[in-house]
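Coordinates from model.txt are shown below (compact mmCIF, C-alpha atoms).
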```
# COMPACT_ATOMS: atom_id res chain seq x y z
CA MET A 588 -17.50 -5.60 9.78
CA SER A 589 -19.03 -2.42 11.24
CA ALA A 590 -15.70 -1.57 12.86
CA ALA A 591 -14.05 -1.66 9.45
CA LEU A 592 -16.83 0.56 8.09
CA LEU A 593 -16.27 3.04 10.94
CA ILE A 594 -12.55 3.12 10.14
CA ASP A 595 -13.33 3.78 6.48
CA ILE A 596 -15.65 6.63 7.46
CA ILE A 597 -12.99 8.20 9.70
CA LEU A 598 -10.39 7.73 6.97
CA TRP A 599 -12.40 9.32 4.18
CA GLY A 600 -13.64 11.98 6.60
CA SER A 601 -10.00 12.90 7.25
CA VAL A 602 -9.30 12.99 3.52
CA ALA A 603 -12.29 15.30 3.02
CA GLY A 604 -11.15 17.45 5.96
CA VAL A 605 -7.59 18.02 4.74
CA GLY A 606 -8.93 18.32 1.19
CA PHE A 607 -11.18 21.16 2.32
CA ILE A 608 -8.26 22.90 4.02
CA ALA A 609 -6.28 22.52 0.79
CA TYR A 610 -9.19 23.99 -1.18
CA GLN A 611 -9.27 27.00 1.14
CA ARG A 612 -5.62 27.61 0.36
CA GLY A 613 -6.66 27.91 -3.26
CA PRO A 614 -8.01 25.62 -5.98
CA LYS A 615 -4.50 25.13 -7.34
CA VAL A 616 -3.31 23.60 -4.07
CA LEU A 617 -6.28 21.23 -4.21
CA THR A 618 -5.70 20.11 -7.79
CA THR A 619 -1.94 19.74 -7.26
CA SER A 620 -2.46 17.51 -4.22
CA LEU A 621 -5.15 15.50 -5.98
CA ARG A 622 -2.84 14.91 -8.93
CA GLU A 623 0.12 14.00 -6.69
CA GLY A 624 -1.97 11.63 -4.59
CA THR A 625 -3.51 9.95 -7.62
CA MET A 626 -0.08 9.52 -9.24
CA ASP A 627 1.19 7.92 -6.02
CA PHE A 628 -1.80 5.62 -6.06
CA ILE A 629 -1.32 4.55 -9.68
CA ASN A 630 2.35 3.98 -8.97
CA ILE A 631 1.72 1.85 -5.94
CA VAL A 632 -1.12 -0.36 -7.17
CA PRO A 633 1.00 -2.92 -9.08
CA ARG A 634 3.23 -3.43 -6.05
CA ILE A 635 0.30 -3.91 -3.73
CA ALA A 636 -1.33 -6.27 -6.20
CA LEU A 637 1.81 -8.39 -6.20
CA GLY A 638 2.05 -8.18 -2.42
CA VAL A 639 -1.53 -9.01 -1.54
CA ILE A 640 -2.00 -11.66 -4.18
CA GLY A 641 1.47 -13.05 -3.56
CA SER A 642 1.34 -13.35 0.24
CA GLY A 643 -1.41 -15.95 -0.02
CA TYR A 644 0.93 -18.28 -1.89
CA ILE A 645 3.91 -17.59 0.34
CA ALA A 646 1.80 -18.20 3.45
CA ALA A 647 0.43 -21.41 1.96
CA VAL A 648 3.87 -22.98 1.60
CA ILE A 649 5.24 -21.87 4.98
CA PRO A 650 5.11 -24.86 7.34
CA GLN A 651 3.16 -23.45 10.28
CA GLU A 652 3.95 -26.39 12.59
CA ILE A 653 7.63 -25.55 12.46
CA ILE A 654 7.01 -21.97 13.52
CA THR A 655 4.54 -22.83 16.27
CA GLY A 656 6.58 -25.75 17.58
CA TRP A 657 9.45 -23.43 18.45
CA LEU A 658 7.41 -21.06 20.60
CA GLY A 659 6.52 -23.26 23.59
CA PRO A 660 6.15 -21.75 27.08
CA ASN A 661 9.38 -23.40 28.24
CA SER A 662 11.40 -22.19 25.29
CA GLY A 663 12.56 -19.13 27.29
CA TRP A 664 14.73 -16.51 25.64
CA LEU A 665 15.80 -18.89 22.90
CA GLY A 666 12.10 -19.17 22.06
CA VAL A 667 11.78 -15.39 22.07
CA ALA A 668 14.77 -15.05 19.75
CA THR A 669 13.31 -17.70 17.45
CA ALA A 670 9.97 -15.90 17.57
CA VAL A 671 11.60 -12.65 16.49
CA ILE A 672 13.34 -14.30 13.54
CA ALA A 673 10.17 -16.17 12.60
CA GLY A 674 8.21 -12.90 12.79
CA ALA A 675 10.65 -11.20 10.46
CA ALA A 676 10.44 -14.10 8.03
CA THR A 677 6.64 -14.32 8.01
CA PRO A 678 5.10 -12.58 5.02
CA GLY A 679 3.46 -9.21 5.69
CA GLY A 680 -0.12 -8.42 4.92
CA PRO A 681 -2.82 -7.91 7.47
CA VAL A 682 -3.68 -11.50 8.38
CA VAL A 683 -0.82 -13.98 8.13
CA GLY A 684 1.11 -13.10 11.29
CA PHE A 685 -1.97 -12.99 13.49
CA SER A 686 -3.20 -16.31 12.12
CA ILE A 687 0.08 -18.04 12.88
CA GLY A 688 0.17 -16.33 16.29
CA ALA A 689 -3.32 -17.62 17.05
CA VAL A 690 -2.35 -21.13 15.99
CA ALA A 691 0.75 -20.91 18.21
CA LEU A 692 -1.34 -19.82 21.21
CA LYS A 693 -3.83 -22.64 20.63
CA ALA A 694 -1.02 -25.15 20.19
CA GLY A 695 0.36 -24.19 23.61
CA GLY A 696 2.85 -21.48 22.69
CA GLY A 697 4.06 -19.26 25.54
CA PRO A 698 2.39 -15.81 25.61
CA PRO A 699 5.70 -13.87 25.82
CA GLN A 700 7.01 -15.78 22.81
CA VAL A 701 3.80 -15.18 20.87
CA ILE A 702 3.87 -11.48 21.84
CA ALA A 703 7.45 -11.26 20.59
CA TYR A 704 6.43 -13.03 17.38
CA VAL A 705 3.45 -10.76 16.67
CA ILE A 706 5.37 -7.57 17.48
CA ALA A 707 8.41 -8.59 15.43
CA TRP A 708 6.11 -9.41 12.52
CA ALA A 709 4.27 -6.10 12.90
CA LEU A 710 7.48 -4.09 13.15
CA PHE A 711 9.78 -5.64 10.56
CA ALA A 712 8.30 -8.46 8.51
CA PHE A 713 10.87 -8.55 5.73
CA GLN A 714 8.40 -8.91 2.91
CA ARG A 715 6.38 -5.93 4.12
CA LEU A 716 9.52 -3.80 4.32
CA LEU A 717 10.46 -4.67 0.75
CA LEU A 718 7.11 -4.49 -0.88
CA TRP A 719 4.94 -2.12 1.08
CA GLU A 720 7.20 0.29 2.91
CA ILE A 721 10.02 0.96 0.45
CA PRO A 722 7.63 2.05 -2.34
CA PHE A 723 6.07 4.67 -0.04
CA MET A 724 9.00 5.92 2.01
CA PRO A 725 12.69 6.70 1.47
CA ALA A 726 14.57 3.36 1.58
CA ARG A 727 17.13 4.81 3.97
CA PHE A 728 14.37 5.56 6.46
CA VAL A 729 12.77 2.10 6.09
CA TRP A 730 16.02 0.22 6.84
CA PHE A 731 16.92 2.60 9.61
CA ARG A 732 13.54 2.20 11.26
CA ALA A 733 13.67 -1.59 10.95
CA ALA A 734 17.14 -1.76 12.50
CA VAL A 735 16.15 0.51 15.36
CA SER A 736 13.05 -1.65 16.00
CA VAL A 737 14.99 -4.88 16.59
CA PRO A 738 15.27 -4.62 20.42
CA PHE A 739 11.58 -3.98 20.99
CA PRO A 740 10.03 -7.44 20.53
CA PHE A 741 12.54 -8.62 23.16
CA MET A 742 11.55 -5.77 25.46
CA ALA A 743 7.85 -6.60 25.00
CA ALA A 744 8.53 -10.24 25.84
CA ALA A 745 10.43 -9.16 28.96
CA ILE A 746 7.50 -6.97 30.07
CA ALA A 747 5.07 -9.84 29.39
CA MET A 748 7.23 -12.19 31.49
CA ALA A 749 7.54 -9.62 34.28
CA ILE A 750 3.81 -8.90 34.60
CA GLY A 751 2.75 -12.48 33.88
CA LYS A 752 0.19 -11.37 31.28
CA PRO A 753 -1.63 -12.10 29.08
CA MET B 1225 16.14 16.94 -4.48
CA SER B 1226 16.19 13.63 -2.69
CA GLU B 1227 17.84 15.08 0.38
CA LEU B 1228 15.36 15.71 3.16
CA PRO B 1229 15.41 19.13 4.77
CA LEU B 1230 15.90 17.57 8.18
CA ASN B 1231 17.85 20.27 9.87
CA ASP B 1232 17.14 23.45 8.07
CA PRO B 1233 13.64 24.73 8.69
CA ALA B 1234 14.36 28.18 7.29
CA GLN B 1235 15.53 26.85 3.96
CA ALA B 1236 12.73 24.31 3.88
CA SER B 1237 10.02 26.92 4.26
CA ASP B 1238 11.62 29.12 1.62
CA ALA B 1239 11.77 26.25 -0.80
CA ALA B 1240 8.14 25.38 -0.15
CA GLU B 1241 7.00 28.39 -2.15
CA ASP B 1242 8.34 27.48 -5.53
CA GLU B 1243 9.49 23.87 -5.47
CA PRO B 1244 7.56 20.61 -5.64
CA ARG B 1245 7.51 18.29 -2.66
CA PRO B 1246 11.04 17.36 -1.67
CA GLY B 1247 12.13 13.85 -0.80
CA HIS B 1248 9.50 12.39 -3.03
CA VAL B 1249 11.05 10.28 -5.72
CA ARG B 1250 8.93 7.67 -7.44
CA LYS B 1251 11.05 4.59 -7.92
CA PRO B 1252 10.81 2.37 -10.94
CA VAL B 1253 10.39 -1.38 -10.49
CA GLY B 1254 13.41 -2.38 -8.45
CA TRP B 1255 15.13 -5.41 -7.04
CA SER B 1256 12.69 -5.61 -4.13
CA MET B 1257 9.78 -6.25 -6.48
CA ILE B 1258 11.78 -8.75 -8.49
CA THR B 1259 12.73 -10.62 -5.29
CA ILE B 1260 9.11 -10.83 -4.18
CA GLY B 1261 7.98 -11.73 -7.69
CA VAL B 1262 10.36 -14.69 -7.80
CA LEU B 1263 9.32 -15.74 -4.28
CA VAL B 1264 5.65 -15.59 -5.26
CA ALA B 1265 6.24 -17.54 -8.48
CA VAL B 1266 8.11 -20.29 -6.62
CA SER B 1267 5.45 -20.46 -3.89
CA ALA B 1268 2.61 -20.56 -6.41
CA THR B 1269 4.36 -23.40 -8.23
CA LEU B 1270 4.72 -25.32 -4.96
CA VAL B 1271 1.03 -24.78 -4.20
CA TRP B 1272 0.16 -25.96 -7.71
CA ARG B 1273 2.22 -29.14 -7.32
CA ARG B 1274 0.73 -29.83 -3.89
CA ASP B 1275 -2.92 -28.83 -4.31
CA GLY B 1276 -3.36 -28.72 -8.07
CA PHE B 1277 -4.92 -25.93 -10.09
CA GLY B 1278 -7.89 -25.70 -7.72
CA GLY B 1279 -5.62 -24.76 -4.83
CA VAL B 1280 -3.95 -22.02 -6.85
CA LEU B 1281 -7.32 -20.64 -7.94
CA GLU B 1282 -8.74 -20.68 -4.41
CA ILE B 1283 -5.91 -18.56 -3.02
CA LEU B 1284 -6.13 -16.26 -6.04
CA THR B 1285 -9.84 -15.52 -5.60
CA HIS B 1286 -9.45 -14.99 -1.84
CA ASP B 1287 -6.55 -12.59 -2.32
CA LEU B 1288 -8.24 -10.76 -5.18
CA ARG B 1289 -11.18 -10.05 -2.89
CA LEU B 1290 -8.79 -8.82 -0.20
CA PHE B 1291 -7.03 -6.66 -2.78
CA GLY B 1292 -10.31 -5.11 -3.91
CA GLY B 1293 -11.15 -4.27 -0.31
CA ILE B 1294 -7.78 -2.64 0.33
CA LEU B 1295 -7.63 -0.51 -2.85
CA PRO B 1296 -9.96 2.31 -1.73
CA ARG B 1297 -8.00 2.67 1.50
CA VAL B 1298 -4.74 2.85 -0.42
CA LEU B 1299 -6.21 5.66 -2.51
CA ALA B 1300 -7.37 7.43 0.65
CA GLY B 1301 -3.91 7.03 2.17
CA CYS B 1302 -2.18 8.46 -0.90
CA LEU B 1303 -4.55 11.43 -1.01
CA LEU B 1304 -4.14 12.02 2.72
CA GLY B 1305 -0.35 12.00 2.34
CA ALA B 1306 -0.48 14.37 -0.64
CA PHE B 1307 -2.81 16.83 1.09
CA ILE B 1308 -0.83 16.77 4.32
CA SER B 1309 2.44 17.49 2.58
CA GLU B 1310 0.81 20.41 0.73
CA ILE B 1311 -0.95 22.06 3.66
CA LEU B 1312 1.32 21.41 6.64
CA PRO B 1313 3.57 24.41 7.24
CA HIS B 1314 7.15 23.16 6.96
CA GLU B 1315 8.45 25.50 9.59
CA LYS B 1316 5.93 24.40 12.19
CA VAL B 1317 6.51 20.71 11.48
CA SER B 1318 10.27 21.15 11.76
CA ARG B 1319 9.80 22.84 15.09
CA SER B 1320 7.36 20.37 16.64
CA LEU B 1321 8.63 17.15 15.00
CA GLY B 1322 12.15 18.06 13.93
CA PRO B 1323 15.49 16.93 15.37
CA ALA B 1324 15.35 19.50 18.16
CA SER B 1325 11.78 18.74 19.21
CA GLY B 1326 12.83 16.60 22.17
CA LEU B 1327 10.54 14.23 24.03
CA LYS B 1328 7.54 16.35 23.08
CA GLY B 1329 8.16 15.71 19.41
CA LEU B 1330 8.35 11.97 20.00
CA LEU B 1331 5.11 12.07 22.01
CA ILE B 1332 3.36 14.08 19.30
CA GLY B 1333 4.58 11.59 16.68
CA ALA B 1334 3.41 8.62 18.77
CA ALA B 1335 0.01 10.20 19.46
CA PHE B 1336 -0.43 11.05 15.78
CA GLY B 1337 0.39 7.46 14.78
CA ALA B 1338 -2.06 6.07 17.33
CA ILE B 1339 -5.02 8.13 16.08
CA LEU B 1340 -4.19 7.99 12.37
CA PRO B 1341 -7.13 6.28 10.71
CA GLY B 1342 -6.95 3.80 7.92
CA GLY B 1343 -5.98 0.43 6.61
CA PRO B 1344 -2.46 -0.93 6.47
CA PHE B 1345 -1.28 1.51 3.82
CA THR B 1346 -2.38 4.86 5.12
CA ALA B 1347 0.48 5.37 7.53
CA TYR B 1348 3.33 5.00 5.02
CA PRO B 1349 2.40 7.82 2.64
CA VAL B 1350 1.67 10.07 5.60
CA ALA B 1351 5.02 9.21 7.20
CA SER B 1352 6.76 9.97 3.92
CA ALA B 1353 4.96 13.31 3.78
CA LEU B 1354 6.04 14.16 7.33
CA LEU B 1355 9.68 13.39 6.48
CA ALA B 1356 9.38 15.59 3.41
CA VAL B 1357 8.06 18.58 5.34
CA GLY B 1358 10.68 18.55 8.08
CA ALA B 1359 9.99 15.84 10.67
CA ASP B 1360 13.14 14.00 11.73
CA PHE B 1361 13.71 10.23 11.69
CA GLY B 1362 13.04 9.94 15.45
CA ALA B 1363 9.57 11.49 15.43
CA THR B 1364 8.63 9.67 12.22
CA ILE B 1365 9.79 6.35 13.71
CA ALA B 1366 7.66 7.05 16.78
CA MET B 1367 4.73 7.69 14.47
CA VAL B 1368 5.16 4.57 12.31
CA VAL B 1369 5.84 2.27 15.28
CA SER B 1370 2.89 3.72 17.17
CA TRP B 1371 0.62 3.24 14.18
CA THR B 1372 1.84 -0.34 13.82
CA LEU B 1373 1.62 -1.39 17.46
CA ILE B 1374 -1.01 0.84 19.06
CA GLY B 1375 -3.11 2.12 16.16
CA TYR B 1376 -6.61 0.77 16.34
CA GLY B 1377 -6.98 0.12 12.60
CA ARG B 1378 -5.18 -3.18 12.41
CA ALA B 1379 -6.10 -4.19 15.98
CA VAL B 1380 -9.84 -3.77 15.45
CA ALA B 1381 -10.05 -5.13 11.94
CA TRP B 1382 -7.74 -8.13 12.27
CA GLU B 1383 -6.12 -8.76 15.63
CA LEU B 1384 -9.24 -8.77 17.86
CA PRO B 1385 -11.14 -11.32 15.78
CA ILE B 1386 -8.11 -13.55 15.17
CA MET B 1387 -6.15 -13.36 18.43
CA GLY B 1388 -8.98 -12.68 20.90
CA THR B 1389 -9.67 -9.72 23.18
CA ASP B 1390 -7.46 -10.73 26.10
CA PHE B 1391 -4.31 -11.20 24.07
CA THR B 1392 -4.90 -8.08 21.96
CA LEU B 1393 -5.52 -5.74 24.89
CA TRP B 1394 -2.48 -6.95 26.84
CA ARG B 1395 -0.36 -6.84 23.71
CA ILE B 1396 -1.35 -3.19 23.23
CA VAL B 1397 -0.77 -2.31 26.91
CA ILE B 1398 2.71 -3.85 26.76
CA SER B 1399 3.39 -1.94 23.52
CA LEU B 1400 2.44 1.48 24.92
CA PRO B 1401 5.99 2.63 25.82
CA LEU B 1402 7.62 1.22 22.68
CA PRO B 1403 6.94 3.99 20.09
CA VAL B 1404 8.57 6.75 22.12
CA LEU B 1405 11.48 4.46 23.05
CA ALA B 1406 11.95 3.47 19.41
CA GLY B 1407 11.86 7.14 18.37
CA ALA B 1408 14.37 8.06 21.07
CA LEU B 1409 16.68 5.21 20.05
CA GLY B 1410 16.31 6.24 16.42
CA ARG B 1411 17.23 9.82 17.19
CA PHE B 1412 20.15 8.70 19.38
CA VAL B 1413 21.57 6.48 16.63
CA TYR B 1414 20.83 8.93 13.80
CA VAL B 1415 22.80 11.74 15.40
CA ARG B 1416 25.80 9.43 15.74
CA MET B 1417 25.50 7.90 12.29
CA TYR B 1418 25.17 11.19 10.44
CA PRO B 1419 27.03 13.71 12.61
CA ALA B 1420 28.04 15.90 9.66
CA LYS B 1421 24.43 16.70 8.92
CA ARG B 1422 24.04 18.45 12.24
CA ASP B 1423 26.72 21.08 11.73
CA ASP B 1424 24.09 23.79 11.75
CA GLU B 1425 22.66 22.71 15.09
```
I'd like the structure from this file rewritten - as structure tokens, please.
Amino acid sequence: MSAALLIDIILWGSVAGVGFIAYQRGPKVLTTSLREGTMDFINIVPRIALGVIGSGYIAAVIPQEIITGWLGPNSGWLGVATAVIAGAATPGGPVVGFSIGAVALKAGGGPPQVIAYVIAWALFAFQRLLLWEIPFMPARFVWFRAAVSVPFPFMAAAIAMAIGKP
Amino acid sequence: MSELPLNDPAQASDAAEDEPRPGHVRKPVGWSMITIGVLVAVSATLVWRRDGFGGVLEILTHDLRLFGGILPRVLAGCLLGAFISEILPHEKVSRSLGPASGLKGLLIGAAFGAILPGGPFTAYPVASALLAVGADFGATIAMVVSWTLIGYGRAVAWELPIMGTDFTLWRIVISLPLPVLAGALGRFVYVRMYPAKRDDE
């Protein structure tokens, strides 16, 4: 938990740092940014509430055996492709994808397939795009970024196969 | 107002004096939230039928605790994004992260994403702020992808304990080239998808 605390300290330290710079530009810059940031926060909270509280239920009804069964070490590129689709379909949030990835590894999943799964989930889990990226960023950018990201889980799996790690 | 000043640093810095942040439209509840809401309702019903009311309550309490833990970081992320978009000089951002910033811009974006502190929701407001002050899609993609794949926040808090050290470290090593490649691909595609927008280049 101390690592999380350290991250929080760095995060709030950065906020204080840029806040101080804003204050030096004039109190009006500071209050404008504070108001903008708080409005963003208020706007975003209901969506995050739905996302965080909702992912638990979505994860609970996803049959993990089906996902992990497809990612065996002999599944080759078909397994990688399945992993990428499964990653995109897995709900976002900080835990779900890693948990399923860990189960897949323990159940004998191939490392390149699990790498592809985790990276696909990290890059373009569909639920995260909808719920957590679109509220913050221009929708055009979110879809564009997701589309551009599609080749990279495959590339990561290829590198993992080439170097034989992890 | 919703158009990003992607290719016109001069105009962007002029506008900075008297206009509010560009490219920053707060959306009302849209179809994405409705989709997720329906999905959540269906899933919760399935959990209720399978595990009874106790199962529903257990997930709810766990997720509420998670939600409470995330909230302060979301606030920090929003404030960070707001401050950054107020204090970053548009002209300088357009030059070092704009469409003409080359490989250096992608590397700066990737490095920035890797060191950006915070929980899962810090990067998005900051990325939005960068877009608004003149970064192009390529550099912003490099930043978001780098934050996602290389940033230590998620890796330390969640991936290390769940996936183990060996897997996590190799996963990060393998991911190292991806942010710059994704940014380069993004820039390559963007220029071809929206050629008209680069008339002034």
Check your understanding: Which residues come within 10 Å of Pro738 of chain A, counting all atoms listed in the file, excluding same-chain residues fewer than 4 positions away, as a PyMOL selection string?
Key -> (chain A and resi 671+707+734+742-743) or (chain B and resi 1402+1406+1409)
**Study point:** Using only C-alpha atoms: which of A:Gly679, A:Gly697, A:Gly656, A:Pro753 has the shortest distance to chain B
**Key:**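 Looking at the shortest contact to chain B, the residue is A:Pro753.
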Check your understanding: atom CA of Gly696 of chain A and atom CA of Ile1386 of chain B are how many Å apart?
Key -> 15.5 Å
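The space between atom CA of Val737 of chain A and atom CA of Gly1301 of chain B spans 26.6 Å.
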Practice item. Find the residues near Val1413 of chain B: any atom within 9 Å, counting all atoms listed in the file, skip ones fewer than 5 places away on the same chain, and give them as a ChimeraX atom specification. Key: /A:735 /B:1408,1418
Practice item. Give as an MDAnalysis selection string every residue of chain A that touches chain B within 7 Å, counting all atoms listed in the file. Key: chainID A and resid 590:591 594:595 597:599 602 605:606 609 620:621 623:625 627:628 636 639:641 643:645 648 681:682 685:686 689 702 709:710 717:718 720 723:724 732 735:736 739 743 746:747 752:753
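Distances to Val701 of chain A were evaluated for A:Gln651, A:Phe731, A:Leu658, A:Leu593 using all atoms listed in the file, and the minimum falls at A:Leu658.
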Practice item. Kindly give the distance, in Å, that separates atom CA of Ala646 of chain A and atom CA of Pro678 of chain A, rounded to a single decimal. Key: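 Computing it gives 6.7 Å between the two atoms.
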Check your understanding: Closest to Thr655 of chain A among A:Pro698, A:Gly604, A:Pro633, A:Gly638, using all atoms listed in the file?
Key ->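 Ranked by minimum distance to Thr655 of chain A, first place goes to A:Pro698.
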Point to revise | Residue with smallest distance to Gly1326 of chain B - pool B:Ile1374, B:Leu1281, B:Met1417, B:Ala1359, counting all atoms listed in the file | key: B:Ala1359
Would you mind putting back N, CA and C atoms on segment 1365-1391 of chain B, then writing it out as a PDB file, in the coordinates of the input?
```
ATOM      1  N   ILE B1365       9.759   7.723  13.206  1.00  0.00           N
ATOM      2  CA  ILE B1365       9.790   6.350  13.710  1.00  0.00           C
ATOM      3  C   ILE B1365       8.753   6.164  14.798  1.00  0.00           C
ATOM      4  N   ALA B1366       8.677   7.134  15.726  1.00  0.00           N
ATOM      5  CA  ALA B1366       7.660   7.050  16.780  1.00  0.00           C
ATOM      6  C   ALA B1366       6.277   6.933  16.172  1.00  0.00           C
ATOM      7  N   MET B1367       6.046   7.709  15.099  1.00  0.00           N
ATOM      8  CA  MET B1367       4.730   7.690  14.470  1.00  0.00           C
ATOM      9  C   MET B1367       4.444   6.343  13.807  1.00  0.00           C
ATOM     10  N   VAL B1368       5.393   5.830  13.026  1.00  0.00           N
ATOM     11  CA  VAL B1368       5.160   4.570  12.310  1.00  0.00           C
ATOM     12  C   VAL B1368       5.014   3.404  13.298  1.00  0.00           C
ATOM     13  N   VAL B1369       5.899   3.356  14.307  1.00  0.00           N
ATOM     14  CA  VAL B1369       5.840   2.270  15.280  1.00  0.00           C
ATOM     15  C   VAL B1369       4.535   2.337  16.072  1.00  0.00           C
ATOM     16  N   SER B1370       4.128   3.553  16.428  1.00  0.00           N
ATOM     17  CA  SER B1370       2.890   3.720  17.170  1.00  0.00           C
ATOM     18  C   SER B1370       1.699   3.275  16.324  1.00  0.00           C
ATOM     19  N   TRP B1371       1.714   3.665  15.049  1.00  0.00           N
ATOM     20  CA  TRP B1371       0.620   3.240  14.180  1.00  0.00           C
ATOM     21  C   TRP B1371       0.578   1.721  14.079  1.00  0.00           C
ATOM     22  N   THR B1372       1.771   1.108  13.966  1.00  0.00           N
ATOM     23  CA  THR B1372       1.840  -0.340  13.820  1.00  0.00           C
ATOM     24  C   THR B1372       1.353  -1.068  15.062  1.00  0.00           C
ATOM     25  N   LEU B1373       1.826  -0.608  16.239  1.00  0.00           N
ATOM     26  CA  LEU B1373       1.620  -1.390  17.460  1.00  0.00           C
ATOM     27  C   LEU B1373       0.406  -0.951  18.263  1.00  0.00           C
ATOM     28  N   ILE B1374       0.059   0.340  18.208  1.00  0.00           N
ATOM     29  CA  ILE B1374      -1.010   0.840  19.060  1.00  0.00           C
ATOM     30  C   ILE B1374      -2.229   1.262  18.255  1.00  0.00           C
ATOM     31  N   GLY B1375      -2.009   1.652  16.994  1.00  0.00           N
ATOM     32  CA  GLY B1375      -3.110   2.120  16.160  1.00  0.00           C
ATOM     33  C   GLY B1375      -4.259   1.118  16.157  1.00  0.00           C
ATOM     34  N   TYR B1376      -5.454   1.646  16.179  1.00  0.00           N
ATOM     35  CA  TYR B1376      -6.610   0.770  16.340  1.00  0.00           C
ATOM     36  C   TYR B1376      -7.014   0.103  15.025  1.00  0.00           C
ATOM     37  N   GLY B1377      -6.538   0.645  13.892  1.00  0.00           N
ATOM     38  CA  GLY B1377      -6.980   0.120  12.600  1.00  0.00           C
ATOM     39  C   GLY B1377      -6.766  -1.373  12.470  1.00  0.00           C
ATOM     40  N   ARG B1378      -5.496  -1.774  12.571  1.00  0.00           N
ATOM     41  CA  ARG B1378      -5.180  -3.180  12.410  1.00  0.00           C
ATOM     42  C   ARG B1378      -5.726  -4.001  13.575  1.00  0.00           C
ATOM     43  N   ALA B1379      -5.654  -3.448  14.799  1.00  0.00           N
ATOM     44  CA  ALA B1379      -6.100  -4.190  15.980  1.00  0.00           C
ATOM     45  C   ALA B1379      -7.578  -4.537  15.880  1.00  0.00           C
ATOM     46  N   VAL B1380      -8.391  -3.544  15.490  1.00  0.00           N
ATOM     47  CA  VAL B1380      -9.840  -3.770  15.450  1.00  0.00           C
ATOM     48  C   VAL B1380     -10.207  -4.682  14.290  1.00  0.00           C
ATOM     49  N   ALA B1381      -9.622  -4.407  13.129  1.00  0.00           N
ATOM     50  CA  ALA B1381     -10.050  -5.130  11.940  1.00  0.00           C
ATOM     51  C   ALA B1381      -9.558  -6.579  11.933  1.00  0.00           C
ATOM     52  N   TRP B1382      -8.335  -6.805  12.434  1.00  0.00           N
ATOM     53  CA  TRP B1382      -7.740  -8.130  12.270  1.00  0.00           C
ATOM     54  C   TRP B1382      -7.357  -8.818  13.568  1.00  0.00           C
ATOM     55  N   GLU B1383      -6.703  -8.084  14.476  1.00  0.00           N
ATOM     56  CA  GLU B1383      -6.120  -8.760  15.630  1.00  0.00           C
ATOM     57  C   GLU B1383      -7.188  -9.248  16.609  1.00  0.00           C
ATOM     58  N   LEU B1384      -8.168  -8.380  16.924  1.00  0.00           N
ATOM     59  CA  LEU B1384      -9.240  -8.770  17.860  1.00  0.00           C
ATOM     60  C   LEU B1384      -9.935 -10.047  17.410  1.00  0.00           C
ATOM     61  N   PRO B1385     -10.443 -10.091  16.176  1.00  0.00           N
ATOM     62  CA  PRO B1385     -11.140 -11.320  15.780  1.00  0.00           C
ATOM     63  C   PRO B1385     -10.234 -12.544  15.726  1.00  0.00           C
ATOM     64  N   ILE B1386      -8.965 -12.374  15.348  1.00  0.00           N
ATOM     65  CA  ILE B1386      -8.110 -13.550  15.170  1.00  0.00           C
ATOM     66  C   ILE B1386      -7.458 -13.981  16.482  1.00  0.00           C
ATOM     67  N   MET B1387      -6.933 -13.014  17.236  1.00  0.00           N
ATOM     68  CA  MET B1387      -6.150 -13.360  18.430  1.00  0.00           C
ATOM     69  C   MET B1387      -6.993 -13.366  19.706  1.00  0.00           C
ATOM     70  N   GLY B1388      -8.168 -12.749  19.687  1.00  0.00           N
ATOM     71  CA  GLY B1388      -8.980 -12.680  20.900  1.00  0.00           C
ATOM     72  C   GLY B1388      -8.732 -11.385  21.666  1.00  0.00           C
ATOM     73  N   THR B1389      -9.715 -11.002  22.478  1.00  0.00           N
ATOM     74  CA  THR B1389      -9.670  -9.720  23.180  1.00  0.00           C
ATOM     75  C   THR B1389      -8.544  -9.663  24.213  1.00  0.00           C
ATOM     76  N   ASP B1390      -8.429 -10.732  25.007  1.00  0.00           N
ATOM     77  CA  ASP B1390      -7.460 -10.730  26.100  1.00  0.00           C
ATOM     78  C   ASP B1390      -6.042 -10.506  25.584  1.00  0.00           C
ATOM     79  N   PHE B1391      -5.653 -11.317  24.626  1.00  0.00           N
ATOM     80  CA  PHE B1391      -4.310 -11.200  24.070  1.00  0.00           C
ATOM     81  C   PHE B1391      -4.098  -9.820  23.470  1.00  0.00           C
TER      82      PHE B1391
END
```
